[in-house]
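Asks: Provided herewith: protein_11.txt, compact mmCIF, C-alpha atoms and all ligand atoms.
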# COMPACT_ATOMS: atom_id res chain seq x y z
CA MET A 4 88.84 102.61 107.39
CA ARG A 5 92.29 101.05 107.24
CA THR A 6 94.62 99.89 104.50
CA GLN A 7 95.73 96.37 105.36
CA TYR A 8 98.25 93.97 103.85
CA TYR A 9 96.81 90.57 104.72
CA THR A 10 98.82 87.56 103.59
CA ALA A 11 100.19 84.18 104.54
CA VAL A 12 103.95 84.02 105.02
CA SER A 13 106.56 81.35 105.62
CA LEU A 14 108.71 81.52 108.75
CA ASP A 15 111.53 82.94 106.67
CA GLY A 16 109.50 85.70 105.07
CA TYR A 17 108.23 84.45 101.71
CA ILE A 18 104.66 84.56 100.38
CA ALA A 19 105.23 82.14 97.48
CA ASP A 20 108.04 79.73 96.73
CA GLU A 21 110.51 80.11 93.86
CA ASN A 22 108.00 78.58 91.42
CA HIS A 23 105.14 80.78 92.68
CA SER A 24 103.61 77.72 94.32
CA LEU A 25 101.43 77.96 97.43
CA ASP A 26 101.32 74.21 98.09
CA TRP A 27 103.20 74.80 101.35
CA LEU A 28 100.19 76.88 102.50
CA PHE A 29 97.41 74.72 101.08
CA GLN A 30 98.64 71.67 103.01
CA PHE A 31 97.06 73.48 106.00
CA GLY A 32 93.73 73.79 104.20
CA GLY A 33 94.20 77.11 102.43
CA GLY A 34 94.99 79.62 105.12
CA ASP A 35 93.64 81.13 108.28
CA GLU A 36 90.05 80.03 107.88
CA SER A 37 89.02 81.23 111.32
CA SER A 38 89.83 84.92 110.77
CA TYR A 39 89.33 85.28 106.99
CA PRO A 40 85.49 85.48 106.91
CA GLU A 41 85.48 88.33 109.45
CA PHE A 42 88.39 90.03 107.64
CA ILE A 43 86.83 89.91 104.15
CA ARG A 44 83.47 91.20 105.44
CA GLN A 45 85.26 94.45 106.31
CA VAL A 46 86.98 94.82 102.92
CA GLY A 47 85.60 97.37 100.45
CA ALA A 48 88.32 97.36 97.78
CA LEU A 49 91.34 95.21 96.88
CA ALA A 50 94.66 95.77 95.13
CA MET A 51 97.05 93.17 93.76
CA GLY A 52 100.05 92.97 91.47
CA SER A 53 99.91 91.23 88.12
CA THR A 54 101.78 88.08 89.24
CA THR A 55 99.18 87.48 91.94
CA TYR A 56 96.34 88.20 89.47
CA GLU A 57 97.76 85.84 86.85
CA TRP A 58 98.31 83.20 89.54
CA ILE A 59 94.60 83.36 90.43
CA LEU A 60 93.60 83.18 86.75
CA LYS A 61 95.79 80.14 86.10
CA ASN A 62 95.36 78.21 89.35
CA TYR A 63 91.75 78.98 90.18
CA ILE A 64 89.61 80.71 87.51
CA HIS A 65 90.93 78.72 84.51
CA LEU A 66 92.09 75.60 86.35
CA ASP A 67 89.57 73.73 84.20
CA PRO A 68 89.64 75.81 80.99
CA ALA A 69 86.36 74.28 79.83
CA ARG A 70 84.59 75.50 82.97
CA PRO A 71 86.01 78.83 84.19
CA LYS A 72 85.06 79.75 87.74
CA PRO A 73 83.66 83.16 88.69
CA TRP A 74 85.96 85.81 90.15
CA LEU A 75 86.79 85.35 93.85
CA TYR A 76 85.72 88.75 95.17
CA GLU A 77 82.54 90.85 95.10
CA GLN A 78 84.49 94.01 95.95
CA PRO A 79 86.15 96.04 93.18
CA THR A 80 89.72 94.83 92.54
CA TRP A 81 92.56 96.96 91.20
CA VAL A 82 95.26 95.02 89.36
CA PHE A 83 98.57 96.83 88.97
CA THR A 84 100.28 96.08 85.68
CA SER A 85 102.17 97.78 82.89
CA ARG A 86 100.73 95.24 80.45
CA SER A 87 97.35 94.57 78.85
CA LEU A 88 95.80 91.66 80.71
CA ASN A 89 92.50 89.85 80.20
CA THR A 90 89.73 90.56 82.64
CA VAL A 91 87.26 88.05 84.10
CA PRO A 92 83.70 88.28 82.78
CA GLY A 93 81.28 89.62 85.38
CA ALA A 94 84.03 90.80 87.75
CA ASP A 95 84.72 94.38 88.79
CA ILE A 96 88.42 94.39 87.91
CA ARG A 97 90.15 97.69 87.18
CA PHE A 98 93.68 97.86 85.80
CA ALA A 99 96.10 100.47 87.14
CA ARG A 100 99.75 101.39 86.67
CA GLY A 101 102.31 103.77 88.08
CA LEU A 102 101.90 105.68 91.33
CA VAL A 103 99.71 104.02 93.95
CA GLU A 104 98.57 107.28 95.63
CA PRO A 105 95.90 108.36 93.12
CA VAL A 106 94.65 104.80 92.85
CA HIS A 107 94.47 104.52 96.63
CA ALA A 108 92.40 107.72 96.79
CA VAL A 109 89.81 106.16 94.46
CA MET A 110 89.93 102.85 96.34
CA ARG A 111 89.25 104.65 99.63
CA GLU A 112 86.27 106.41 98.14
CA VAL A 113 84.87 103.18 96.74
CA ALA A 114 85.52 101.29 100.00
CA GLY A 115 83.62 103.89 102.05
CA GLU A 116 83.59 102.80 105.70
CA LYS A 117 85.31 99.52 104.85
CA ASN A 118 88.99 98.64 104.57
CA VAL A 119 91.34 98.47 101.61
CA TRP A 120 93.07 95.11 101.23
CA ILE A 121 96.49 94.96 99.63
CA VAL A 122 96.58 91.31 98.58
CA GLY A 123 100.22 91.31 97.48
CA GLY A 124 102.89 90.90 96.49
CA GLY A 125 105.49 92.40 98.74
CA GLY A 126 106.65 95.00 96.23
CA LEU A 127 103.17 96.41 95.80
CA ALA A 128 102.52 96.46 99.56
CA ALA A 129 105.82 98.34 99.98
CA GLN A 130 104.75 100.93 97.40
CA PHE A 131 101.72 101.73 99.59
CA TYR A 132 103.95 101.87 102.69
CA ASP A 133 106.46 104.14 100.95
CA CYS A 134 103.62 106.63 100.34
CA GLY A 135 102.51 106.46 103.99
CA LEU A 136 99.33 104.62 103.01
CA LEU A 137 99.72 101.29 104.82
CA ASP A 138 98.13 101.00 108.28
CA GLU A 139 98.35 97.32 109.21
CA ILE A 140 100.02 94.08 108.24
CA ILE A 141 98.05 90.95 109.10
CA LEU A 142 100.04 87.77 108.72
CA THR A 143 99.14 84.14 108.79
CA VAL A 144 102.51 82.71 109.78
CA VAL A 145 102.96 79.24 108.33
CA PRO A 146 105.48 76.95 110.07
CA VAL A 147 107.51 76.14 106.96
CA ILE A 148 110.84 77.39 105.63
CA LEU A 149 111.00 78.05 101.88
CA SER A 150 114.58 79.32 101.56
CA GLY A 151 113.63 81.60 98.69
CA GLY A 152 110.70 82.90 96.67
CA ALA A 153 108.51 86.00 96.57
CA PRO A 154 109.37 88.30 99.48
CA LEU A 155 106.84 89.44 102.08
CA PHE A 156 107.92 93.08 101.77
CA THR A 157 110.55 95.00 99.85
CA SER A 158 110.91 98.15 101.98
CA LYS A 159 112.73 98.38 105.30
CA ILE A 160 110.76 99.09 108.48
CA THR A 161 113.12 99.21 111.44
CA ASN A 162 112.89 102.35 113.54
CA PRO A 163 110.26 102.91 114.71
CA PRO A 164 109.40 99.22 114.48
CA LEU A 165 106.03 97.68 113.74
CA ARG A 166 103.81 97.33 116.78
CA VAL A 167 102.37 93.91 117.53
CA ILE A 168 98.62 94.27 118.13
CA GLU A 169 97.59 90.62 118.25
CA VAL A 170 99.13 87.15 118.19
CA LYS A 171 96.74 84.23 117.90
CA PRO A 172 97.94 80.66 117.46
CA HIS A 173 95.52 78.22 115.83
CA SER A 174 95.28 74.48 116.40
CA SER A 175 96.05 74.01 112.69
CA GLY A 176 99.63 75.13 113.36
CA LEU A 177 99.14 78.55 111.77
CA THR A 178 99.56 81.74 113.79
CA LYS A 179 97.84 85.04 113.11
CA VAL A 180 100.03 88.07 113.79
CA LYS A 181 98.52 91.54 113.43
CA LEU A 182 100.89 94.51 113.32
CA GLN A 183 100.42 98.25 113.22
CA VAL A 184 102.65 99.97 110.68
CA PRO A 185 104.48 103.08 111.88
CA LYS A 186 104.14 106.14 109.68
CA ARG A 187 107.18 106.53 107.48
CA ALA A 188 109.68 109.08 108.74
CA THR A 189 109.77 112.05 106.37
N1 LIG B 201 100.92 83.75 100.58
C1 LIG B 201 99.90 84.50 100.22
O1 LIG B 201 98.89 84.60 100.94
C2 LIG B 201 100.01 85.30 98.94
C3 LIG B 201 99.31 86.50 98.81
C4 LIG B 201 99.45 87.24 97.65
C5 LIG B 201 100.28 86.78 96.64
N2 LIG B 201 100.92 85.60 96.77
C6 LIG B 201 101.83 85.09 95.72
O2 LIG B 201 103.05 85.83 95.86
C7 LIG B 201 103.63 86.06 94.58
C8 LIG B 201 103.81 87.57 94.43
O3 LIG B 201 104.42 87.84 93.22
P1 LIG B 201 105.27 89.18 92.97
O4 LIG B 201 106.28 89.32 94.03
O5 LIG B 201 105.72 89.16 91.56
O6 LIG B 201 104.26 90.39 93.20
P2 LIG B 201 102.92 90.94 92.51
O7 LIG B 201 102.65 92.23 93.23
O8 LIG B 201 101.83 89.95 92.50
O9 LIG B 201 103.30 91.27 90.99
C9 LIG B 201 104.33 92.15 90.69
C10 LIG B 201 104.09 92.75 89.29
O10 LIG B 201 102.97 93.65 89.31
C11 LIG B 201 103.19 94.71 88.40
N3 LIG B 201 103.23 95.97 89.18
C12 LIG B 201 103.50 96.14 90.52
N4 LIG B 201 103.41 97.43 90.87
C13 LIG B 201 103.09 98.10 89.75
C14 LIG B 201 102.85 99.48 89.48
N5 LIG B 201 102.92 100.42 90.44
N6 LIG B 201 102.51 99.82 88.21
C15 LIG B 201 102.42 98.89 87.22
N7 LIG B 201 102.62 97.57 87.43
C16 LIG B 201 102.97 97.18 88.67
C17 LIG B 201 104.55 94.44 87.72
O11 LIG B 201 104.34 93.58 86.60
P3 LIG B 201 103.90 93.99 85.10
O12 LIG B 201 103.97 95.47 84.97
O13 LIG B 201 104.89 93.28 84.22
O14 LIG B 201 102.52 93.45 84.91
C18 LIG B 201 105.25 93.61 88.78
O15 LIG B 201 106.30 92.81 88.28
C19 LIG B 201 102.68 85.42 93.57
O16 LIG B 201 103.11 84.13 93.26
C20 LIG B 201 101.35 85.34 94.31
O17 LIG B 201 100.53 84.29 93.83
C21 LIG B 201 100.83 84.87 97.92
How does the structure come out when it is put into structure tokens?

Replies:
Amino acid sequence: MRTQYYTAVSLDGYIADENHSLDWLFQFGGGDESSYPEFIRQVGALAMGSTTYEWILKNYIHLDPARPKPWLYEQPTWVFTSRSLNTVPGADIRFARGLVEPVHAVMREVAGEKNVWIVGGGGLAAQFYDCGLLDEIILTVVPVILSGGAPLFTSKITNPPLRVIEVKPHSSGLTKVKLQVPKRAT
């Protein structure tokens, strides 16, 4: 069981542009379609920040307000927020706030043998790293430069560095890069 931050990122390290748009990613067809099915099969629990959650609500679930779509994931999803947000009918969405450690302990238990997916954003992923709870970062590197936006990660990891486990270019132009996260020096 591993805790993985799996996301698409621009060449200059952003996961959304300044307007929280992902059009730069969707021009490639939505992401790394070759590795996602295998990845999501191994996921037992997800965590995301409220901006990501509200992005999904606005741009996917309620894109046509007259015909809301079902939630994207079968696995239980933890949404970190200090606010009261609406849930999605029929979805296993659990709201959390504050320290990530106790939430991660529950997520691990729920995930069982499977992995925990930190969906984003970069601040939330860094909170898991800061507590020594992040094992891997799996990137779909998109050959675009955004020059600003939502950062990939908000903590420093320099020494020891991340270890590259896999680099796999796809004919679409996207490149999968899988990295092992060093344990945080205490
Ligand atoms: N490229 C990709 O594949 C990809 C993947 C994921 C996300 N995205 C996009 O990237 C952007 C990320 O946005 P973001 O940087 O704002 O990050 P985010 O993690 O989605 O949202 C951050 C917000 O979550 C809440 N939060 C985070 N940690 C918390 C904690 N411990 N306790 C309570 N609340 C907490 C706070 O808001 P409140 O307390 O005010 O609610 C915080 O401002 C979004 O546009 C998203 O759609 C892209």

Asks: So how far away is atom CA of Glu139 of chain A from atom CA of Leu49 of chain A, in Å?

Replies: 14.3 Å

Asks: Counting only C-alpha atoms and all ligand atoms, name the residues that have an atom within 7 Å of an atom of ligand LIG 201 (chain B); the answer should be given as number ranges by chain.

Replies: A: 10-12, 18-19, 23-25, 51-56, 58-59, 83-86, 99-103, 122-127, 153-154

Asks: Which residue, A:His65, A:Arg44, A:Arg166, A:Arg97, has the smallest gap to Lys117 of chain A when you use all atoms listed in the file?

Replies: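 The answer is A:Arg44, which sits nearest to Lys117 of chain A.
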
Asks: I'd like the neighbourhood of His107 of chain A as a tab-separated table (two decimals) with C-alpha atoms, keeping the file's coordinate frame, where a residue qualifies if any of its atoms comes within 10 Å (using all atoms listed in the file), though same-chain residues fewer than 6 positions away should be ignored.

Replies:
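That gives us result.tsv:
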chain	number	residue	atom	x	y	z
A	6	THR	CA	94.62	99.89	104.50
A	48	ALA	CA	88.32	97.36	97.78
A	49	LEU	CA	91.34	95.21	96.88
A	50	ALA	CA	94.66	95.77	95.13
A	81	TRP	CA	92.56	96.96	91.20
A	113	VAL	CA	84.87	103.18	96.74
A	119	VAL	CA	91.34	98.47	101.61
A	131	PHE	CA	101.72	101.73	99.59
A	136	LEU	CA	99.33	104.62	103.01

Asks: Here is a test: counting all atoms listed in the file, which residue of A:Thr161, A:Asn89, A:Asn118, A:Phe29 is nearest to Glu41 of chain A?

Replies: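 Checking each of A:Thr161, A:Asn89, A:Asn118, A:Phe29 against Glu41 of chain A, counting all atoms listed in the file, the winner is A:Asn118.
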
Asks: Pick from A:Gly152, A:Pro185, A:Pro164, A:Pro172: nearest to Gly135 of chain A, with all atoms listed in the file counted?

Replies: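 Selected residue with least distance to Gly135 of chain A: A:Pro185.
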
Asks: For each of A:Tyr17, A:Tyr132, A:Tyr63, A:Tyr9, take the minimum atom-to-atom distance to Leu155 of chain A, counting only C-alpha atoms, then give the residue where this is smallest.

Replies: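 Closest to Leu155 of chain A of all the choices is A:Tyr17.
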
Asks: Nearest residue to Arg187 of chain A out of A:Ser175, A:Pro146, A:Ala129, A:Val106, using all atoms listed in the file?

Replies: A:Ala129

Asks: Taking all atoms listed in the file into account, which of A:Ile96, A:Ile141, A:Leu14, A:Val82 comes nearest Tyr39 of chain A?

Replies: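 Closest to Tyr39 of chain A, using all atoms listed in the file: A:Ile141.
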
Asks: Find the smallest box with edges along x, y and z containing every listed atom of segment 42-56 of chain A, then add 6 Å on each side and report centre and edge lengths in Å to one decimal, as lines of an AutoDock Vina configuration file.

Replies:
center_x = 92.6
center_y = 92.4
center_z = 97.9
size_x = 30.3
size_y = 21.9
size_z = 31.5

Asks: Record the distance separating atom CA of Glu104 of chain A and atom CA of Leu137 of chain A, expressed in Å with one decimal.

Replies: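 Atom CA of Glu104 of chain A sits 11.0 Å away from atom CA of Leu137 of chain A.
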
Asks: What's the 12 Å shell around Gly176 of chain A, counting all atoms listed in the file, without same-chain residues fewer than 4 positions away, as a count of residues only?

Replies: 13

Asks: Grab the atom CA of Leu149 of chain A to atom CA of Ser13 of chain A distance for me, in Å with one decimal place.

Replies: 6.7 Å
